[in-house]
$ cat coords_31.txt   # compact mmCIF, C-alpha atoms
# COMPACT_ATOMS: atom_id res chain seq x y z
CA MET A 1109 0.00 0.00 0.00
CA ASN A 1110 2.85 2.40 0.84
CA PHE A 1111 4.48 1.57 -2.49
CA MET A 1112 1.31 2.33 -4.48
CA LEU A 1113 0.65 5.51 -2.49
CA ARG A 1114 4.19 6.75 -3.10
CA ILE A 1115 3.91 6.13 -6.85
CA ALA A 1116 0.56 7.94 -6.99
CA LEU A 1117 1.93 10.94 -5.09
CA GLN A 1118 5.05 11.14 -7.27
CA LEU A 1119 2.98 10.98 -10.46
CA LEU A 1120 0.59 13.63 -9.08
CA ALA A 1121 3.55 15.86 -8.21
CA ALA A 1122 4.95 15.41 -11.72
CA PHE A 1123 1.62 16.32 -13.33
CA VAL A 1124 1.21 19.38 -11.10
CA PHE A 1125 4.73 20.46 -11.91
CA LEU A 1126 4.11 20.15 -15.65
CA LEU A 1127 0.78 22.03 -15.31
CA ILE A 1128 2.48 24.89 -13.50
CA CYS A 1129 5.19 24.97 -16.17
CA ILE A 1130 2.53 25.20 -18.89
CA GLN A 1131 0.80 28.08 -17.13
CA VAL A 1132 4.06 29.92 -16.61
CA ILE A 1133 5.00 29.49 -20.26
CA ILE A 1134 1.61 30.76 -21.46
CA ILE A 1135 1.69 33.80 -19.16
CA GLY A 1136 5.30 34.56 -20.05
CA VAL A 1137 4.71 34.39 -23.81
CA ALA A 1138 1.50 36.46 -23.50
CA TRP A 1139 3.35 39.10 -21.50
CA LEU A 1140 6.07 39.21 -24.12
CA PHE A 1141 3.84 39.55 -27.19
CA TRP A 1142 0.69 41.18 -25.74
CA PRO A 1143 1.70 43.33 -22.77
CA ASP A 1144 -1.44 45.48 -23.09
CA LEU A 1145 -3.54 42.32 -22.87
CA MET A 1146 -2.00 41.40 -19.53
CA ARG A 1147 -2.61 44.93 -18.18
CA THR A 1148 -6.15 45.52 -19.45
CA GLY A 1149 -7.43 41.93 -19.53
CA SER A 1150 -9.05 42.36 -22.94
CA THR A 1151 -8.76 39.46 -25.36
CA SER A 1152 -8.25 39.24 -29.11
CA ASN A 1153 -8.55 36.63 -31.79
CA HIS A 1154 -4.80 36.40 -32.13
CA TYR A 1155 -4.43 35.68 -28.45
CA GLU A 1156 -7.06 32.96 -28.49
CA ILE A 1157 -5.43 31.30 -31.50
CA PHE A 1158 -2.07 31.55 -29.80
CA VAL A 1159 -3.37 29.96 -26.61
CA VAL A 1160 -4.94 27.07 -28.53
CA VAL A 1161 -1.78 26.41 -30.55
CA LEU A 1162 0.51 26.78 -27.57
CA CYS A 1163 -1.63 24.51 -25.42
CA SER A 1164 -1.66 21.88 -28.19
CA VAL A 1165 2.11 22.00 -28.50
CA LEU A 1166 2.59 21.87 -24.75
CA PHE A 1167 0.12 18.99 -24.51
CA VAL A 1168 2.17 16.99 -27.00
CA VAL A 1169 5.37 17.88 -25.16
CA THR A 1170 3.74 16.86 -21.89
CA LEU A 1171 2.77 13.49 -23.32
CA LEU A 1172 6.34 12.94 -24.49
CA LEU A 1173 7.72 13.88 -21.08
CA ILE A 1174 5.25 11.59 -19.31
CA GLY A 1175 6.09 8.79 -21.74
CA TRP A 1176 9.79 9.30 -21.04
CA TYR A 1177 9.17 9.56 -17.30
CA LEU A 1178 7.14 6.37 -17.16
CA GLY A 1179 8.41 4.40 -20.16
CA LYS A 1180 12.18 4.54 -19.73
CA PRO A 1181 12.22 2.71 -16.36
CA ILE A 1182 9.74 0.14 -17.69
CA TYR A 1183 12.01 -0.49 -20.67
CA ILE A 1184 14.96 -1.10 -18.31
CA MET A 1185 12.82 -3.50 -16.27
CA ILE A 1186 11.75 -5.40 -19.41
CA VAL A 1187 15.40 -5.71 -20.49
CA TRP A 1188 16.31 -6.95 -17.01
CA ILE A 1189 13.52 -9.55 -16.98
CA ARG A 1190 14.60 -10.80 -20.41
CA ARG A 1191 18.13 -11.23 -19.10
CA LEU A 1192 16.80 -13.25 -16.15
CA VAL A 1193 14.77 -15.46 -18.49
CA SER A 1194 17.86 -16.09 -20.64
CA GLY A 1195 19.90 -17.14 -17.60
CA ARG A 1196 21.92 -13.95 -17.14
CA PHE A 1197 21.39 -12.95 -13.53
CA ASP A 1198 23.64 -9.91 -13.28
CA PRO A 1199 22.13 -6.39 -13.64
CA PRO A 1200 21.84 -5.08 -17.20
CA PRO A 1201 24.56 -2.85 -18.72
CA GLY A 1202 24.33 0.72 -17.52
CA TRP A 1203 22.79 -0.24 -14.17
CA LYS A 1204 25.39 1.84 -12.34
CA ASP A 1205 24.54 4.85 -14.51
CA LEU A 1206 21.01 4.84 -13.09
CA ARG A 1207 22.35 5.88 -9.68
CA SER A 1208 23.63 9.25 -8.60
CA ASP A 1209 27.35 9.56 -8.02
CA HIS A 1210 27.12 11.03 -4.54
CA LYS A 1211 24.27 9.38 -2.63
CA GLY A 1212 24.02 6.23 -4.72
CA THR A 1213 20.23 6.55 -4.98
CA LEU A 1214 18.32 6.02 -8.19
CA LYS A 1215 18.01 8.98 -10.48
CA ILE A 1216 14.72 10.47 -11.66
CA PRO A 1217 12.63 8.89 -13.20
CA TYR A 1218 13.94 5.52 -11.94
CA SER A 1219 13.43 6.37 -8.27
CA ILE A 1220 9.67 6.00 -8.65
CA TYR A 1221 10.20 2.24 -9.17
CA LYS A 1222 13.04 1.77 -6.69
CA GLU A 1223 11.29 -1.18 -4.96
CA VAL A 1224 10.81 -2.91 -8.30
CA PHE A 1225 14.47 -2.47 -9.24
CA GLU A 1226 15.58 -3.66 -5.82
CA HIS A 1227 13.41 -6.78 -6.04
CA LEU A 1228 14.73 -7.50 -9.54
CA ARG A 1229 18.26 -7.28 -8.19
CA MET A 1230 17.38 -9.60 -5.29
CA LEU A 1231 15.63 -12.00 -7.68
CA GLY A 1232 18.71 -12.13 -9.92
CA SER A 1233 20.95 -12.83 -6.93
CA THR A 1234 18.61 -15.55 -5.65
CA LEU A 1235 18.39 -17.23 -9.06
CA GLN A 1236 22.16 -17.10 -9.41
CA ASN A 1237 22.67 -18.70 -5.98
CA ASN A 1238 20.06 -21.35 -6.78
CA GLU A 1239 21.75 -22.18 -10.07
CA LYS A 1240 25.12 -22.44 -8.33
CA ALA A 1241 23.66 -24.70 -5.65
CA LEU A 1242 22.02 -26.83 -8.34
CA ARG A 1243 25.32 -27.19 -10.23
CA GLU A 1244 27.15 -28.15 -7.04
CA ALA A 1245 24.45 -30.68 -6.14
CA GLU A 1246 24.58 -32.19 -9.61
CA GLN A 1247 28.37 -32.32 -9.47
CA SER A 1248 28.24 -34.05 -6.05
CA LYS A 1249 25.71 -36.52 -7.42
CA GLN A 1250 27.83 -37.31 -10.48
CA GLU A 1251 30.97 -37.72 -8.37
CA TRP A 1252 29.10 -40.05 -6.02
CA ILE A 1253 27.89 -42.15 -8.95
CA ARG A 1254 31.36 -42.23 -10.55
CA GLY A 1255 32.88 -43.31 -7.25
CA ILE A 1256 30.44 -46.16 -6.77
CA SER A 1257 30.77 -47.22 -10.42
CA HIS A 1258 34.53 -47.37 -9.91
CA ASP A 1259 34.24 -49.36 -6.68
CA LEU A 1260 31.86 -51.84 -8.30
CA LYS A 1261 34.80 -53.12 -10.35
CA THR A 1262 36.62 -54.51 -7.30
CA PRO A 1263 34.02 -57.04 -6.06
CA LEU A 1264 33.22 -57.93 -9.65
CA THR A 1265 36.89 -58.76 -10.17
CA TYR A 1266 36.85 -61.03 -7.11
CA ILE A 1267 33.70 -62.80 -8.27
CA SER A 1268 35.03 -63.19 -11.80
CA GLY A 1269 38.43 -64.44 -10.62
CA TYR A 1270 37.21 -66.99 -8.09
CA SER A 1271 34.43 -68.26 -10.33
CA ALA A 1272 36.94 -68.70 -13.17
CA MET A 1273 39.16 -70.69 -10.82
CA LEU A 1274 36.25 -72.90 -9.77
CA VAL A 1275 35.25 -73.82 -13.32
CA HIS A 1276 38.81 -74.15 -14.68
CA PRO A 1277 39.08 -77.69 -16.14
CA ASP A 1278 42.81 -78.08 -15.38
CA TYR A 1279 42.43 -77.84 -11.61
CA ARG A 1280 40.69 -80.04 -9.11
CA TRP A 1281 39.87 -78.13 -5.97
CA SER A 1282 39.19 -79.72 -2.63
CA GLU A 1283 35.86 -79.24 -0.94
CA THR A 1284 37.51 -76.89 1.57
CA GLU A 1285 38.97 -74.76 -1.23
CA LYS A 1286 35.65 -74.66 -3.04
CA SER A 1287 33.94 -73.63 0.16
CA ASP A 1288 36.48 -70.83 0.65
CA PHE A 1289 36.03 -69.62 -2.91
CA LEU A 1290 32.25 -69.62 -2.60
CA SER A 1291 32.50 -67.80 0.71
CA VAL A 1292 34.52 -65.03 -0.92
CA ILE A 1293 32.08 -64.85 -3.83
CA GLN A 1294 29.19 -64.56 -1.37
CA GLN A 1295 30.96 -61.79 0.55
CA LYS A 1296 31.67 -59.84 -2.61
CA ALA A 1297 28.09 -60.27 -3.79
CA ALA A 1298 26.94 -58.73 -0.49
CA HIS A 1299 29.43 -55.93 -1.08
CA LEU A 1300 27.95 -55.39 -4.53
CA GLN A 1301 24.50 -55.14 -3.01
CA GLU A 1302 25.71 -52.48 -0.55
CA LEU A 1303 27.22 -50.44 -3.38
CA VAL A 1304 24.02 -50.67 -5.41
CA GLU A 1305 22.07 -49.44 -2.40
CA ASP A 1306 24.54 -46.54 -2.05
CA LEU A 1307 24.02 -45.80 -5.73
CA ASN A 1308 20.33 -45.21 -5.08
CA GLU A 1309 21.06 -42.83 -2.22
CA THR A 1310 20.26 -39.18 -2.89
CA VAL A 1311 23.35 -36.98 -2.65
CA ASN A 1312 22.76 -33.24 -3.02
CA GLY A 1313 25.67 -31.86 -1.05
CA PRO A 1314 28.43 -33.22 1.19
CA ILE A 1315 29.12 -36.95 1.21
CA PRO A 1316 26.65 -38.60 3.63
CA LEU A 1317 28.41 -39.97 6.71
CA ASN A 1318 27.37 -42.55 9.29
CA ALA A 1319 30.19 -41.93 11.74
CA GLU A 1320 30.90 -44.32 14.60
CA HIS A 1321 33.84 -45.26 16.82
CA THR A 1322 35.98 -47.61 14.75
CA ASP A 1323 39.21 -49.48 15.39
CA ILE A 1324 41.18 -48.20 12.41
CA VAL A 1325 43.92 -50.82 12.91
CA GLU A 1326 41.45 -53.68 12.54
CA LEU A 1327 39.73 -51.95 9.62
CA VAL A 1328 42.99 -51.49 7.71
CA ARG A 1329 44.18 -55.01 8.58
CA ARG A 1330 41.01 -56.55 7.17
CA THR A 1331 41.21 -54.43 4.04
CA VAL A 1332 44.85 -55.38 3.45
CA ALA A 1333 44.01 -59.06 3.94
CA ASP A 1334 41.07 -58.75 1.56
CA VAL A 1335 43.08 -57.10 -1.23
CA SER A 1336 46.18 -59.29 -0.79
CA SER A 1337 44.08 -62.48 -1.05
CA ALA A 1338 42.60 -61.48 -4.42
CA PRO A 1339 43.65 -63.65 -7.38
CA TRP A 1340 45.00 -60.62 -9.25
CA ALA A 1341 47.21 -59.64 -6.26
CA VAL A 1342 49.04 -62.95 -5.86
CA GLY A 1343 52.35 -61.62 -7.25
CA TYR A 1344 52.52 -58.68 -4.81
CA ALA A 1345 54.11 -58.64 -1.35
CA PHE A 1346 52.01 -56.96 1.35
CA VAL A 1347 53.41 -55.87 4.72
CA MET A 1348 51.13 -54.66 7.51
CA GLU A 1349 52.54 -53.15 10.72
CA SER A 1350 50.95 -51.13 13.51
CA GLU A 1351 52.59 -49.77 16.66
CA PRO A 1352 49.34 -49.65 18.69
CA GLU A 1353 47.33 -52.85 18.59
CA GLN A 1354 44.13 -50.81 18.67
CA LEU A 1355 43.44 -47.24 17.61
CA SER A 1356 39.95 -45.78 17.78
CA ILE A 1357 38.75 -43.01 15.50
CA SER A 1358 35.34 -41.57 14.67
CA CYS A 1359 34.59 -42.24 11.02
CA ASP A 1360 32.22 -43.90 8.59
CA PRO A 1361 33.74 -47.40 8.44
CA LYS A 1362 32.17 -48.22 5.08
CA LEU A 1363 33.57 -45.12 3.37
CA MET A 1364 36.93 -45.45 5.09
CA THR A 1365 37.18 -49.07 3.95
CA ARG A 1366 36.40 -48.01 0.40
CA ALA A 1367 39.10 -45.33 0.59
CA ILE A 1368 41.81 -47.70 1.88
CA ARG A 1369 40.79 -50.40 -0.58
CA ASN A 1370 41.03 -47.96 -3.52
CA LEU A 1371 44.55 -46.96 -2.50
CA LEU A 1372 45.65 -50.58 -2.12
CA VAL A 1373 44.03 -51.63 -5.41
CA ASN A 1374 45.77 -48.71 -7.14
CA ALA A 1375 49.10 -49.90 -5.73
CA VAL A 1376 48.44 -53.30 -7.30
CA VAL A 1377 46.92 -52.52 -10.68
CA HIS A 1378 49.29 -49.65 -11.51
CA ASN A 1379 52.51 -51.47 -10.58
CA PRO A 1380 54.23 -54.59 -11.93
CA GLU A 1381 54.37 -57.91 -10.09
CA ASN A 1382 56.85 -58.35 -7.23
CA THR A 1383 56.08 -54.83 -6.05
CA GLN A 1384 56.21 -54.55 -2.26
CA ILE A 1385 53.33 -52.68 -0.65
CA GLU A 1386 53.83 -51.59 2.96
CA VAL A 1387 51.03 -50.40 5.23
CA ARG A 1388 52.08 -48.91 8.57
CA ILE A 1389 49.94 -47.34 11.27
CA LYS A 1390 51.18 -45.29 14.21
CA LEU A 1391 49.90 -42.76 16.70
CA LEU A 1392 51.29 -39.24 16.58
CA ASP A 1393 50.93 -36.35 19.00
CA PRO A 1394 48.50 -34.77 19.61
CA ARG A 1395 46.32 -37.85 19.06
CA ILE A 1396 46.75 -38.14 15.32
CA ALA A 1397 46.47 -41.52 13.62
CA GLU A 1398 48.83 -41.86 10.66
CA ILE A 1399 48.33 -44.50 7.97
CA ARG A 1400 51.16 -44.77 5.47
CA ILE A 1401 50.78 -46.83 2.28
CA LYS A 1402 54.08 -47.13 0.46
CA ASP A 1403 55.14 -49.13 -2.60
CA ASN A 1404 58.38 -49.44 -4.56
CA GLY A 1405 56.65 -49.49 -7.95
CA VAL A 1406 56.79 -47.33 -11.05
CA GLY A 1407 56.11 -44.01 -9.37
CA PHE A 1408 53.25 -41.57 -9.68
CA ASN A 1409 54.64 -39.53 -12.58
CA GLN A 1410 54.79 -42.51 -14.90
CA LEU A 1411 51.36 -43.54 -13.67
CA ALA A 1412 49.95 -40.08 -14.44
CA GLU A 1413 51.34 -40.22 -17.97
CA ARG A 1414 49.76 -43.61 -18.52
CA ASP A 1415 46.43 -42.50 -17.06
CA THR A 1416 46.18 -39.62 -19.52
CA ILE A 1417 46.28 -42.17 -22.33
CA GLN A 1418 43.68 -44.49 -20.85
CA SER A 1419 40.04 -43.92 -21.62
CA THR A 1420 37.70 -42.38 -19.08
CA ASN A 1421 35.60 -45.54 -19.18
CA GLU A 1422 38.43 -47.31 -17.36
CA HIS A 1423 38.29 -44.75 -14.55
CA ALA A 1424 42.02 -44.12 -14.82
CA GLY A 1425 43.36 -42.55 -11.63
CA LEU A 1426 39.87 -42.20 -10.17
CA GLY A 1427 40.64 -44.42 -7.18
CA LEU A 1428 42.98 -41.85 -5.62
CA SER A 1429 40.45 -39.06 -6.15
CA ILE A 1430 37.69 -41.12 -4.54
CA ALA A 1431 39.88 -42.02 -1.57
CA LYS A 1432 40.81 -38.36 -1.09
CA LYS A 1433 37.16 -37.28 -1.00
CA PHE A 1434 36.19 -40.00 1.48
CA ILE A 1435 39.15 -39.31 3.78
CA GLU A 1436 38.52 -35.56 3.78
CA ALA A 1437 34.80 -36.16 4.38
CA ASN A 1438 35.83 -38.03 7.55
CA GLY A 1439 37.91 -35.06 8.70
CA GLY A 1440 41.26 -36.45 7.57
CA LYS A 1441 44.06 -35.31 5.29
CA ILE A 1442 45.90 -37.21 2.59
CA THR A 1443 49.34 -36.44 1.16
CA VAL A 1444 50.91 -38.12 -1.86
CA GLN A 1445 54.66 -38.26 -2.55
CA SER A 1446 56.05 -40.02 -5.59
CA SER A 1447 59.24 -40.24 -7.60
CA LEU A 1448 59.62 -41.75 -11.03
CA GLY A 1449 60.97 -45.29 -10.72
CA GLU A 1450 61.08 -45.15 -6.92
CA GLY A 1451 57.45 -45.78 -6.00
CA THR A 1452 54.71 -43.87 -4.24
CA SER A 1453 54.07 -43.01 -0.61
CA ILE A 1454 50.59 -42.01 0.58
CA MET A 1455 50.15 -40.61 4.08
CA ILE A 1456 46.72 -40.36 5.74
CA ARG A 1457 46.19 -38.53 9.02
CA LEU A 1458 43.02 -38.78 11.09
CA GLN A 1459 41.89 -37.60 14.52
CA ALA A 1460 42.33 -40.52 16.90
CA GLU A 1461 41.68 -41.62 20.44
CA HIS A 1462 44.14 -44.16 21.81
CA ILE A 1463 42.47 -47.19 23.35

$ encode --input "coords_31.txt" --output "structure tokens"
Amino acid sequence: MNFMLRIALQLLAAFVFLLICIQVIIIGVAWLFWPDLMRTGSTSNHYEIFVVVLCSVLFVVTLLLIGWYLGKPIYIMIVWIRRLVSGRFDPPPGWKDLRSDHKGTLKIPYSIYKEVFEHLRMLGSTLQNNEKALREAEQSKQEWIRGISHDLKTPLTYISGYSAMLVHPDYRWSETEKSDFLSVIQQKAAHLQELVEDLNETVNGPIPLNAEHTDIVELVRRTVADVSSAPWAVGYAFVMESEPEQLSISCDPKLMTRAIRNLLVNAVVHNPENTQIEVRIKLLDPRIAEIRIKDNGVGFNQLAERDTIQSTNEHAGLGLSIAKKFIEANGGKITVQSSLGEGTSIMIRLQAEHI
């Protein structure tokens, strides 16, 4: 109501001002050309014709001024709305020229619609923030899907490897060995089911965490045993050492397991056989758990060159990126050091509580 009242009063003031200007112009011209008329008050045909013509001209001029006063701001608003529709959320060119240099307020005639301009600016800012949030959510969703798609390869490799060993005609496995193979296949099938369930989870922001107190030593030990027992990791030497027998941290054990597994799988698939892979855990001050995964393989630089050649469908180098995101989501930090021909060392640090 205040907005409408202010517009009505400003328009009324403009009309009154123009009316006064018209009267002043008529009186001034009449005084200039017919001074006797202004003194005696008598009229003439010439004066009447003059008044009619002058009023007609001033009426047209008044219409043009009113059109400029009302139409120019509306044109700017239309241009602004078109920019918003086209996805350009910043103010239109010349927006700064609509404000006075000293006070920063809108110039006449734009000040009459200052609320409209302010709401257009706020709308543009809101739409821009919404678009940014939507892009970030979509990016998080795509990264989550890529990560799960990458991790699906690991249990599938186990299932494929052990099933191929079971049906191989040149080997006769004992019932105990068959039972072990089937047990691994069953475990990896359950892992596949978990990953598929994660794939259906809605991710619109940070990685979802289900943090709990976890013995990181036991978690890493199981992951190392799992990767080292895979058929495709037979030719690799794994070493696992930990100074504390137990080390509790608050983390999402499922995501942390995926992170450690990705790093260990990378150390296998990107290095030749007979590579030694060392995993060491120790407690640092002040209560920092350090996990170091070190190999004496080809080195990260050579690996990076090879990854640039591989197709994106093979998820080249994605395992390290996934592990980094999961570790950082759990409040940790990861550092990678590598030298060509000398191997790679990955250091993970997490907040810990010694048991």

$ closest_residue --input "coords_31.txt" --among "A:Leu1458, A:Ile1130, A:Ala1431, A:Leu1317" --to "Arg1369 of chain A" --atoms "only C-alpha atoms"
A:Ala1431

$ residues_around --input "coords_31.txt" --residues "Ala1298 of chain A" --least-positions-apart "4" --cutoff "12 Å" --atoms "only C-alpha atoms" --output "compact mmCIF listing (two decimals) with C-alpha atoms, keeping the file's coordinate frame"
# COMPACT_ATOMS: atom_id res chain seq x y z
CA LEU A 1260 31.86 -51.84 -8.30
CA PRO A 1263 34.02 -57.04 -6.06
CA LEU A 1264 33.22 -57.93 -9.65
CA ILE A 1267 33.70 -62.80 -8.27
CA SER A 1291 32.50 -67.80 0.71
CA VAL A 1292 34.52 -65.03 -0.92
CA ILE A 1293 32.08 -64.85 -3.83
CA GLN A 1294 29.19 -64.56 -1.37
CA GLU A 1302 25.71 -52.48 -0.55
CA LEU A 1303 27.22 -50.44 -3.38
CA VAL A 1304 24.02 -50.67 -5.41
CA GLU A 1305 22.07 -49.44 -2.40

$ atom_distance --input "coords_31.txt" --atom1 "atom CA of Leu1428 of chain A" --atom2 "atom CA of Glu1351 of chain A"
25.5 Å

$ closest_residue --input "coords_31.txt" --among "A:Gly1232, A:His1299, A:Gly1427, A:Arg1207" --to "Arg1191 of chain A" --atoms "all atoms listed in the file"
A:Gly1232

$ residues_around --input "coords_31.txt" --residues "segment 1328-1343 of chain A" --least-positions-apart "3" --cutoff "10 Å" --atoms "all atoms listed in the file" --output "mmCIF file with C-alpha atoms, in the frame of the given file"
data_model
loop_
_atom_site.group_PDB
_atom_site.id
_atom_site.type_symbol
_atom_site.label_atom_id
_atom_site.label_comp_id
_atom_site.auth_asym_id
_atom_site.auth_seq_id
_atom_site.Cartn_x
_atom_site.Cartn_y
_atom_site.Cartn_z
ATOM 1 C CA THR A 1262 36.620 -54.510 -7.300
ATOM 2 C CA PRO A 1263 34.020 -57.040 -6.060
ATOM 3 C CA THR A 1265 36.890 -58.760 -10.170
ATOM 4 C CA TYR A 1266 36.850 -61.030 -7.110
ATOM 5 C CA ILE A 1267 33.700 -62.800 -8.270
ATOM 6 C CA SER A 1268 35.030 -63.190 -11.800
ATOM 7 C CA GLY A 1269 38.430 -64.440 -10.620
ATOM 8 C CA TYR A 1270 37.210 -66.990 -8.090
ATOM 9 C CA MET A 1273 39.160 -70.690 -10.820
ATOM 10 C CA VAL A 1292 34.520 -65.030 -0.920
ATOM 11 C CA ASP A 1323 39.210 -49.480 15.390
ATOM 12 C CA ILE A 1324 41.180 -48.200 12.410
ATOM 13 C CA VAL A 1325 43.920 -50.820 12.910
ATOM 14 C CA PHE A 1346 52.010 -56.960 1.350
ATOM 15 C CA VAL A 1347 53.410 -55.870 4.720
ATOM 16 C CA MET A 1348 51.130 -54.660 7.510
ATOM 17 C CA GLU A 1349 52.540 -53.150 10.720
ATOM 18 C CA SER A 1350 50.950 -51.130 13.510
ATOM 19 C CA MET A 1364 36.930 -45.450 5.090
ATOM 20 C CA THR A 1365 37.180 -49.070 3.950
ATOM 21 C CA ARG A 1366 36.400 -48.010 0.400
ATOM 22 C CA ALA A 1367 39.100 -45.330 0.590
ATOM 23 C CA ILE A 1368 41.810 -47.700 1.880
ATOM 24 C CA ARG A 1369 40.790 -50.400 -0.580
ATOM 25 C CA ASN A 1370 41.030 -47.960 -3.520
ATOM 26 C CA LEU A 1372 45.650 -50.580 -2.120
ATOM 27 C CA VAL A 1373 44.030 -51.630 -5.410
ATOM 28 C CA ALA A 1375 49.100 -49.900 -5.730
ATOM 29 C CA VAL A 1376 48.440 -53.300 -7.300
ATOM 30 C CA VAL A 1377 46.920 -52.520 -10.680
ATOM 31 C CA PRO A 1380 54.230 -54.590 -11.930
ATOM 32 C CA GLU A 1381 54.370 -57.910 -10.090
ATOM 33 C CA ASN A 1382 56.850 -58.350 -7.230
ATOM 34 C CA THR A 1383 56.080 -54.830 -6.050
ATOM 35 C CA GLN A 1384 56.210 -54.550 -2.260
ATOM 36 C CA ILE A 1385 53.330 -52.680 -0.650
ATOM 37 C CA GLU A 1386 53.830 -51.590 2.960
ATOM 38 C CA VAL A 1387 51.030 -50.400 5.230
ATOM 39 C CA ARG A 1388 52.080 -48.910 8.570
ATOM 40 C CA ILE A 1389 49.940 -47.340 11.270
ATOM 41 C CA ILE A 1399 48.330 -44.500 7.970
#

$ axis_aligned_box --input "coords_31.txt" --around "segment 1252-1256 of chain A" --padding-each-side "8 Å" --output "lines of an AutoDock Vina configuration file"
center_x = 30.4
center_y = -43.1
center_z = -8.3
size_x = 21.0
size_y = 22.1
size_z = 20.5

$ residues_around --input "coords_31.txt" --residues "Glu1251 of chain A" --least-positions-apart "2" --cutoff "10 Å" --atoms "only C-alpha atoms" --output "list in words"
Ala1245, Glu1246, Gln1247, Ser1248, Lys1249, Ile1253, Arg1254, Gly1255, Ile1256, Ser1257, Val1311, Ile1315, Ser1429, Ile1430 and Lys1433 of chain A

$ atom_distance --input "coords_31.txt" --atom1 "atom CA of Gly1179 of chain A" --atom2 "atom CA of Leu1214 of chain A"
15.6 Å

$ residues_around --input "coords_31.txt" --residues "Leu1192 of chain A" --least-positions-apart "6" --cutoff "10 Å" --atoms "all atoms listed in the file" --output "JSON, numbers by chain"
{"A": [1186, 1198, 1199, 1200, 1228, 1231, 1232, 1235, 1236]}

$ write_last_selection --input "coords_31.txt" --atoms "C-alpha atoms" --output "PDB file, keeping the file's coordinate frame"
ATOM      1  CA  ILE A1186      11.750  -5.400 -19.410  1.00  0.00           C
ATOM      2  CA  ASP A1198      23.640  -9.910 -13.280  1.00  0.00           C
ATOM      3  CA  PRO A1199      22.130  -6.390 -13.640  1.00  0.00           C
ATOM      4  CA  PRO A1200      21.840  -5.080 -17.200  1.00  0.00           C
ATOM      5  CA  LEU A1228      14.730  -7.500  -9.540  1.00  0.00           C
ATOM      6  CA  LEU A1231      15.630 -12.000  -7.680  1.00  0.00           C
ATOM      7  CA  GLY A1232      18.710 -12.130  -9.920  1.00  0.00           C
ATOM      8  CA  LEU A1235      18.390 -17.230  -9.060  1.00  0.00           C
ATOM      9  CA  GLN A1236      22.160 -17.100  -9.410  1.00  0.00           C
TER      10      GLN A1236
END

$ closest_residue --input "coords_31.txt" --among "A:Thr1443, A:Gln1250, A:Ser1271, A:Thr1234" --to "Arg1400 of chain A" --atoms "all atoms listed in the file"
A:Thr1443

$ atom_distance --input "coords_31.txt" --atom1 "atom CA of Ile1456 of chain A" --atom2 "atom CA of Ser1358 of chain A"
14.5 Å

$ closest_residue --input "coords_31.txt" --among "A:Ala1460, A:Pro1352, A:Ile1401, A:Ile1184" --to "Val1444 of chain A" --atoms "only C-alpha atoms"
A:Ile1401

$ residues_around --input "coords_31.txt" --residues "segment 1450-1455 of chain A" --least-positions-apart "3" --cutoff "9 Å" --atoms "all atoms listed in the file" --output "PyMOL selection string"
chain A and resi 1371+1375+1379+1398-1408+1441-1447
